[in-house]
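Dumped run-v1.txt below, it's compact mmCIF, C-alpha atoms:
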```txt
# COMPACT_ATOMS: atom_id res chain seq x y z
CA MET A 1 179.54 132.31 69.81
CA MET A 2 177.34 134.00 72.40
CA THR A 3 173.56 134.16 72.37
CA ARG A 4 171.35 136.17 74.72
CA ILE A 5 167.87 134.97 75.59
CA GLY A 6 165.78 137.92 76.78
CA ALA A 7 163.50 138.24 79.77
CA ARG A 8 160.50 137.31 77.65
CA HIS A 9 162.10 133.92 77.15
CA ARG A 10 163.18 133.36 80.73
CA ARG A 11 162.64 129.65 80.64
CA ALA A 12 165.33 127.40 79.15
CA LEU A 13 165.05 123.62 79.01
CA LEU A 14 168.59 122.29 79.34
CA ALA A 15 167.40 118.94 78.13
CA GLY A 16 165.82 120.54 75.11
CA ALA A 17 167.61 122.09 72.16
CA LEU A 18 170.64 123.05 74.26
CA LEU A 19 171.26 119.94 76.33
CA ALA A 20 168.93 117.46 74.76
CA THR A 21 170.82 114.30 75.55
CA ILE A 22 171.02 114.67 79.32
CA ALA A 23 168.10 112.28 79.24
CA ALA A 24 170.35 109.72 77.56
CA LEU A 25 172.13 109.14 80.85
CA ALA A 26 171.23 105.92 82.61
CA PRO A 27 168.19 106.46 84.85
CA ALA A 28 168.74 106.32 88.59
CA GLU A 29 166.43 105.44 91.43
CA ALA A 30 164.06 108.30 92.19
CA MET A 31 164.93 110.02 95.47
CA SER A 32 162.84 113.15 95.16
CA GLN A 33 162.86 113.86 98.88
CA THR A 34 166.64 114.46 99.02
CA LEU A 35 169.02 117.09 97.67
CA ASN A 36 170.41 114.60 95.15
CA LEU A 37 170.34 116.72 92.02
CA ALA A 38 173.23 114.80 90.42
CA SER A 39 172.85 111.12 91.29
CA SER A 40 169.04 110.86 91.21
CA ASN A 41 166.56 111.41 88.39
CA ARG A 42 169.41 111.74 85.91
CA ASP A 43 167.01 110.94 83.09
CA LYS A 44 164.97 114.05 83.92
CA PRO A 45 165.65 117.48 82.36
CA ILE A 46 166.94 120.48 84.28
CA GLU A 47 164.99 123.68 83.73
CA VAL A 48 166.55 127.12 84.19
CA PHE A 49 164.63 130.35 84.88
CA ALA A 50 165.89 133.94 85.22
CA ASP A 51 164.36 137.42 85.46
CA ASN A 52 167.15 139.23 83.60
CA GLY A 53 167.76 136.80 80.78
CA ILE A 54 169.90 133.76 79.99
CA GLU A 55 173.20 134.01 78.12
CA TRP A 56 174.39 131.03 76.09
CA GLN A 57 178.15 130.99 75.49
CA GLN A 58 178.46 128.15 73.01
CA ASP A 59 182.26 128.36 72.67
CA ASN A 60 182.68 128.13 76.45
CA GLU A 61 179.90 125.55 76.75
CA VAL A 62 178.09 127.42 79.50
CA LEU A 63 174.68 128.93 80.15
CA ILE A 64 174.53 132.00 82.44
CA ALA A 65 171.21 132.90 84.06
CA ARG A 66 171.00 136.26 85.86
CA GLY A 67 168.46 137.83 88.19
CA ASN A 68 166.52 135.60 90.58
CA ALA A 69 167.90 132.58 88.73
CA ARG A 70 166.54 129.11 89.41
CA ALA A 71 167.47 125.60 88.25
CA VAL A 72 164.99 122.76 88.78
CA ARG A 73 165.17 118.99 88.41
CA SER A 74 162.17 117.08 89.75
CA ASN A 75 161.67 118.37 93.31
CA VAL A 76 165.18 119.82 93.77
CA ASN A 77 165.58 123.58 93.31
CA ILE A 78 168.70 125.77 93.19
CA THR A 79 168.11 129.51 93.50
CA ALA A 80 170.68 132.34 93.33
CA GLU A 81 171.26 135.75 91.81
CA VAL A 82 173.46 134.17 89.12
CA LEU A 83 173.62 130.56 87.91
CA ARG A 84 176.20 129.12 85.52
CA ALA A 85 175.47 125.74 83.97
CA PHE A 86 178.50 124.06 82.37
CA TYR A 87 178.08 121.20 79.94
CA LYS A 88 180.29 118.90 77.88
CA LYS A 89 179.80 117.52 74.40
CA LYS A 90 179.77 113.74 74.10
CA GLN A 91 181.63 111.92 71.35
CA ALA A 92 178.48 110.03 70.44
CA GLY A 93 176.59 113.30 70.15
CA GLY A 94 174.61 115.35 72.58
CA THR A 95 175.80 116.87 75.84
CA ASP A 96 176.22 116.15 79.55
CA LEU A 97 175.64 118.75 82.24
CA SER A 98 178.84 118.70 84.33
CA ARG A 99 178.66 121.54 86.86
CA LEU A 100 176.40 124.21 88.30
CA ASP A 101 177.89 127.35 89.89
CA ALA A 102 175.67 129.62 91.99
CA ALA A 103 176.41 133.05 93.47
CA GLY A 104 174.39 135.44 95.61
CA THR A 105 171.85 134.28 98.22
CA VAL A 106 172.19 130.63 97.25
CA ARG A 107 169.66 128.02 98.35
CA ILE A 108 169.42 124.36 97.35
CA ALA A 109 166.19 122.75 98.51
CA SER A 110 164.04 119.63 98.27
CA PRO A 111 160.74 118.99 100.09
CA SER A 112 162.66 117.65 103.13
CA GLU A 113 166.13 119.26 103.05
CA SER A 114 167.83 122.56 102.27
CA ILE A 115 171.28 124.20 102.26
CA SER A 116 171.80 127.95 102.03
CA GLY A 117 174.91 130.12 101.73
CA GLU A 118 176.62 132.80 99.66
CA THR A 119 178.13 130.74 96.81
CA ALA A 120 177.99 127.11 95.71
CA VAL A 121 179.61 124.71 93.27
CA TYR A 122 177.69 121.56 92.36
CA ASP A 123 179.92 118.98 90.67
CA LEU A 124 177.31 116.86 88.93
CA GLU A 125 179.85 114.30 87.71
CA LYS A 126 181.15 113.55 91.21
CA ALA A 127 177.79 114.27 92.89
CA ILE A 128 179.39 116.67 95.38
CA LEU A 129 177.96 120.02 96.45
CA VAL A 130 180.15 122.64 98.19
CA VAL A 131 178.50 125.73 99.68
CA HIS A 132 180.53 128.67 101.04
CA GLY A 133 179.52 131.59 103.22
CA LYS A 134 179.86 133.33 106.55
CA LYS A 135 176.81 131.36 107.65
CA VAL A 136 176.02 128.17 105.78
CA VAL A 137 172.86 126.45 107.04
CA TYR A 138 171.64 122.89 106.43
CA ARG A 139 168.13 121.86 107.50
CA SER A 140 166.56 118.41 107.55
CA GLY A 141 163.24 118.38 109.37
CA PRO A 142 163.92 119.60 112.93
CA ASP A 143 167.70 119.11 112.60
CA VAL A 144 169.89 122.13 111.81
CA ILE A 145 173.63 122.27 111.02
CA THR A 146 175.51 125.55 110.56
CA ALA A 147 179.08 126.55 109.70
CA ASN A 148 180.89 129.83 109.04
CA GLN A 149 183.24 128.62 106.29
CA GLN A 150 181.76 125.94 104.08
CA MET A 151 179.60 122.85 103.93
CA GLU A 152 180.08 119.84 101.68
CA TYR A 153 177.26 117.52 100.69
CA TYR A 154 178.24 114.09 99.31
CA GLU A 155 175.28 112.47 97.59
CA LYS A 156 176.73 108.99 97.08
CA GLU A 157 178.24 108.73 100.58
CA ARG A 158 175.12 110.28 102.13
CA LYS A 159 176.99 112.65 104.38
CA ALA A 160 177.54 116.36 104.98
CA VAL A 161 180.71 118.00 106.31
CA ALA A 162 180.46 121.37 108.07
CA ARG A 163 183.69 123.34 108.53
CA GLY A 164 184.42 126.38 110.66
CA ASN A 165 182.70 126.85 114.03
CA ALA A 166 180.24 124.13 113.09
CA THR A 167 177.07 123.57 115.13
CA ALA A 168 174.44 120.82 115.01
CA VAL A 169 171.11 121.08 116.86
CA HIS A 170 168.85 118.07 117.43
CA GLU A 171 165.81 118.13 119.73
CA GLY A 172 167.22 120.99 121.78
CA LYS A 173 170.67 119.39 122.14
CA THR A 174 173.65 121.21 120.63
CA ILE A 175 177.00 119.91 119.38
CA ARG A 176 179.77 122.34 118.45
CA ALA A 177 183.19 121.72 116.91
CA GLU A 178 185.60 123.06 114.35
CA SER A 179 184.23 120.45 111.94
CA LEU A 180 181.22 118.14 112.00
CA VAL A 181 180.39 115.15 109.82
CA ALA A 182 176.70 114.19 109.64
CA LEU A 183 175.68 110.79 108.25
CA PHE A 184 172.25 110.30 106.64
CA ARG A 185 169.91 107.43 105.89
CA LYS A 186 166.29 106.83 104.96
CA ASN A 187 163.93 106.07 107.83
CA ALA A 188 160.93 103.72 107.76
CA LYS A 189 158.80 106.49 106.24
CA GLY A 190 161.29 107.02 103.42
CA LYS A 191 162.45 110.40 104.70
CA THR A 192 166.08 111.38 105.07
CA GLU A 193 167.35 111.67 108.63
CA ILE A 194 170.66 112.19 110.42
CA TYR A 195 171.63 109.09 112.41
CA GLU A 196 175.19 109.94 113.48
CA VAL A 197 177.28 113.08 113.99
CA ARG A 198 181.08 113.00 114.27
CA ALA A 199 182.81 116.00 115.83
CA PHE A 200 186.47 117.03 115.56
CA ASP A 201 188.51 119.69 117.42
CA LYS A 202 187.19 121.92 120.21
CA VAL A 203 184.14 119.72 120.69
CA ALA A 204 181.35 120.91 122.99
CA ILE A 205 178.03 119.22 123.76
CA LEU A 206 175.39 121.36 125.45
CA THR A 207 172.42 119.73 127.18
CA ASP A 208 169.83 121.00 129.65
CA GLN A 209 172.15 120.08 132.54
CA ASP A 210 175.70 119.68 131.29
CA THR A 211 178.39 121.30 129.19
CA VAL A 212 180.88 118.70 127.95
CA LEU A 213 184.19 119.61 126.27
CA ALA A 214 186.55 117.22 124.47
CA ASN A 215 188.95 116.81 121.54
CA LYS A 216 186.59 114.68 119.45
CA GLY A 217 183.37 112.74 119.73
CA VAL A 218 180.66 110.65 118.09
CA TYR A 219 176.95 111.20 118.73
CA ASP A 220 174.46 108.41 118.01
CA VAL A 221 171.24 110.28 117.27
CA VAL A 222 168.99 107.23 117.72
CA SER A 223 170.29 106.13 121.14
CA GLY A 224 171.06 109.65 122.29
CA ILE A 225 174.51 108.57 123.48
CA ALA A 226 177.60 110.64 122.73
CA VAL A 227 181.10 109.20 123.24
CA LEU A 228 183.82 111.81 123.70
CA VAL A 229 187.57 111.33 124.03
CA GLY A 230 190.60 113.47 124.78
CA ASN A 231 190.79 116.08 127.57
CA VAL A 232 187.16 115.59 128.55
CA ARG A 233 185.58 118.17 130.87
CA ILE A 234 182.04 117.88 132.22
CA THR A 235 180.51 120.92 133.92
CA ARG A 236 177.16 120.89 135.71
CA GLY A 237 176.49 124.11 137.55
CA GLN A 238 179.64 124.80 139.60
CA ASN A 239 180.69 121.14 139.66
CA GLN A 240 183.35 119.85 137.26
CA LEU A 241 184.70 116.44 136.26
CA ALA A 242 187.73 115.69 134.07
CA GLY A 243 188.97 112.49 132.43
CA ASP A 244 190.06 110.76 129.24
CA ARG A 245 186.71 109.52 127.97
CA ALA A 246 183.04 110.17 128.59
CA GLU A 247 179.69 108.68 127.64
CA ILE A 248 176.84 111.18 127.68
CA ASN A 249 173.22 110.12 127.38
CA VAL A 250 171.45 113.29 126.33
CA LYS A 251 168.03 111.63 126.70
CA THR A 252 168.41 110.54 130.33
CA GLY A 253 170.89 113.19 131.43
CA ILE A 254 173.28 110.52 132.77
CA SER A 255 176.98 111.20 132.16
CA LYS A 256 179.77 108.67 132.70
CA LEU A 257 183.35 109.86 132.96
CA LEU A 258 185.96 107.17 132.29
CA THR A 259 189.70 106.73 131.97
CA ASP A 260 191.09 104.46 129.29
CA PRO A 261 193.20 101.56 130.59
CA GLY A 262 196.83 101.18 129.58
CA PRO A 263 199.44 103.68 128.42
CA SER A 264 198.67 106.63 126.21
CA SER A 265 199.32 106.44 122.48
CA GLY A 266 199.89 110.19 122.39
CA THR A 267 196.80 110.87 120.28
CA ASP A 268 194.78 112.10 123.25
CA GLY A 269 197.17 114.87 124.27
CA ALA A 270 199.03 112.81 126.89
CA THR A 271 202.73 111.94 126.62
CA PRO A 272 203.14 108.68 124.62
CA GLY A 273 203.91 105.69 126.82
CA LYS A 274 202.83 107.34 130.05
CA ARG A 275 199.81 106.25 132.00
CA LYS A 276 196.78 108.39 131.32
CA LYS A 277 195.34 110.79 133.85
CA ARG A 278 192.91 109.57 136.46
CA VAL A 279 189.37 110.89 136.60
CA ARG A 280 189.21 114.09 138.64
CA GLY A 281 186.24 115.91 140.13
CA LEU A 282 185.58 119.29 141.69
CA ILE A 283 182.31 119.47 143.62
CA LEU A 284 181.52 122.76 145.29
CA PRO A 285 179.08 123.07 148.21
CA GLN A 286 175.97 125.09 147.60
CA ARG A 287 175.86 128.45 149.28
CA ARG A 288 173.14 128.92 151.86
```
Using the file provided, produce a representation of the structure as structure tokens.
Amino acid sequence: MMTRIGARHRRALLAGALLATIAALAPAEAMSQTLNLASSNRDKPIEVFADNGIEWQQDNEVLIARGNARAVRSNVNITAEVLRAFYKKKQAGGTDLSRLDAAGTVRIASPSESISGETAVYDLEKAILVVHGKKVVYRSGPDVITANQQMEYYEKERKAVARGNATAVHEGKTIRAESLVALFRKNAKGKTEIYEVRAFDKVAILTDQDTVLANKGVYDVVSGIAVLVGNVRITRGQNQLAGDRAEINVKTGISKLLTDPGPSSGTDGATPGKRKKRVRGLILPQRR
């Protein structure tokens, strides 16, 4: 059975006549400042709005909202050209909202965070959001993460994974890699912040003075120290340093290039069992 709700009735309460028993789920701790649409405020209804009407496919257990569609729970908003809300019937009666699909200029936003892209799938049962697009952008205060393939947001693990030419910018410092993993936590003011960024494959850190290349790295946002390993290259002007491991303090501008003791395990690009390369430097005189 299929029912169309016209533009005059653009507003649909999924916790009302259609999905009344979403509120029967166990309440979770309120985290209205995050993007946690699935794991937080589960006792609150989700409202759906659309300019071009809402289609209710009862046999397929889905609501389809078209034209400037928007889904809202507490302070979390999902906007797109088309939204599909899938639900499941419970044996005890009522329904559970299981998934939200969004297509066309997608944006998921809370008062402190946002993710935008071309399409998105929000698995509300697993509390995982996946956003695709040629340019997916995550913002949290002054911090920005971008990717040109997809970005995954894991509510329960409090992390985001950016894939495909990923870039993270924090206080003017830039980290680039094929994939980035950002870890979140609440600060003393109760706001979500990134405290660590892990970078994998073709890693580059750009500061005011240096360009540092490596195979992988971990950046501690609080201390400002990045540890990079594997084929490390540090370039400052025309001067270059190369080694196995580096510690970069992006706050002080001090870079330490190190070589790991002992034989290589083979994971850093060196031949297994052989001694790792020594630190090398190329310092060019300034032209007068």
**Prompt:** Using all atoms listed in the file, which residue out of A:Glu193, A:Glu55, A:Asp208, A:Glu47 lies closest to Arg70 in chain A?
**Reply:** A:Glu47
**Request:** Check the smallest atom-to-atom distance from each of A:Gln238, A:Gln149, A:Ser116, A:Asn60 to Ala102 in chain A using all atoms listed in the file, then report the winner.
**Result:**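 Closest to Ala102 in chain A, using all atoms listed in the file: A:Ser116.
Taking CA of Asp59 in chain A and CA of Tyr122 in chain A as endpoints, the distance between them is 21.3 Å.
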**Prompt:** CA of Ala103 in chain A to CA of Gly53 in chain A: how many Å, to one decimal?
**Reply:** 15.8 Å
Axis-aligned box over every listed atom of range 94-100 of chain A, padded by 4 Å per side: centre and edges in Å to one decimal, as JSON?
```
{"center_x": 176.7, "center_y": 119.8, "center_z": 80.4, "size_x": 12.2, "size_y": 16.9, "size_z": 23.7}
```
**Item:** Leu35 in chain A environment, 7 Å, all atoms listed in the file, sequence neighbours closer than 6 positions dropped, as a PyMOL selection string
**Value:** chain A and resi 76+109-110+113
**Message:** I need every residue sitting at most 8 Å from the point (192.7, 118.2, 116.8) (coordinates as in the file, only C-alpha atoms considered), written as a PyMOL selection string.
**Reply:** chain A and resi 200-202+215-216
**Message:** If I take CA of Phe184 in chain A and CA of Ala69 in chain A, how far is one from the other in Å, to one decimal?
**Reply:**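 Separation of CA of Phe184 in chain A and CA of Ala69 in chain A: 28.9 Å.
If you measure from each of A:Val222, A:Val136, A:Pro111, A:Ala127 to Glu171 in chain A using all atoms listed in the file, the closest one turns out to be A:Val222.
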**Item:** Among the residues A:Ala166, A:Val221, A:Ala50, A:Ile248, the one that comes closest to Ile64 in chain A [using only C-alpha atoms]
**Value:** A:Ala50
**Request:** Would you list the residues near (167.1, 126.8, 96.7) (no more than 12 Å away, in the coordinates of the file, using all atoms listed in the file) as number ranges by chain?
**Result:** A: 35, 37, 68-73, 75-81, 83, 102-111, 113-120, 131, 137-139
Can you spit out the residues from that selection as a tab-separated table (two decimals), in the coordinates of the input, using C-alpha atoms?
```tsv
chain	number	residue	atom	x	y	z
A	35	LEU	CA	169.02	117.09	97.67
A	37	LEU	CA	170.34	116.72	92.02
A	68	ASN	CA	166.52	135.60	90.58
A	69	ALA	CA	167.90	132.58	88.73
A	70	ARG	CA	166.54	129.11	89.41
A	71	ALA	CA	167.47	125.60	88.25
A	72	VAL	CA	164.99	122.76	88.78
A	73	ARG	CA	165.17	118.99	88.41
A	75	ASN	CA	161.67	118.37	93.31
A	76	VAL	CA	165.18	119.82	93.77
A	77	ASN	CA	165.58	123.58	93.31
A	78	ILE	CA	168.70	125.77	93.19
A	79	THR	CA	168.11	129.51	93.50
A	80	ALA	CA	170.68	132.34	93.33
A	81	GLU	CA	171.26	135.75	91.81
A	83	LEU	CA	173.62	130.56	87.91
A	102	ALA	CA	175.67	129.62	91.99
A	103	ALA	CA	176.41	133.05	93.47
A	104	GLY	CA	174.39	135.44	95.61
A	105	THR	CA	171.85	134.28	98.22
A	106	VAL	CA	172.19	130.63	97.25
A	107	ARG	CA	169.66	128.02	98.35
A	108	ILE	CA	169.42	124.36	97.35
A	109	ALA	CA	166.19	122.75	98.51
A	110	SER	CA	164.04	119.63	98.27
A	111	PRO	CA	160.74	118.99	100.09
A	113	GLU	CA	166.13	119.26	103.05
A	114	SER	CA	167.83	122.56	102.27
A	115	ILE	CA	171.28	124.20	102.26
A	116	SER	CA	171.80	127.95	102.03
A	117	GLY	CA	174.91	130.12	101.73
A	118	GLU	CA	176.62	132.80	99.66
A	119	THR	CA	178.13	130.74	96.81
A	120	ALA	CA	177.99	127.11	95.71
A	131	VAL	CA	178.50	125.73	99.68
A	137	VAL	CA	172.86	126.45	107.04
A	138	TYR	CA	171.64	122.89	106.43
A	139	ARG	CA	168.13	121.86	107.50
```
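Non-sequential neighbours of Ser98 in chain A (distance at most 7 Å, separation of 6 or more positions within a chain, only C-alpha atoms) are Phe86, Tyr87, Lys88, Asp123, Leu124 and Glu125 of chain A.
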**Item:** Spatial neighbours of range 155-160 of chain A, max dist 10 Å, all atoms listed in the file, sep filter under 4 positions, as a ChimeraX atom specification
**Value:** /A:34-40,124,126-130,138,145,151,180-186,192,194,196-197
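Distances to Gly190 in chain A were evaluated for A:Ser112, A:Glu178, A:Lys89, A:Glu61 using all atoms listed in the file, and the minimum falls at A:Ser112.
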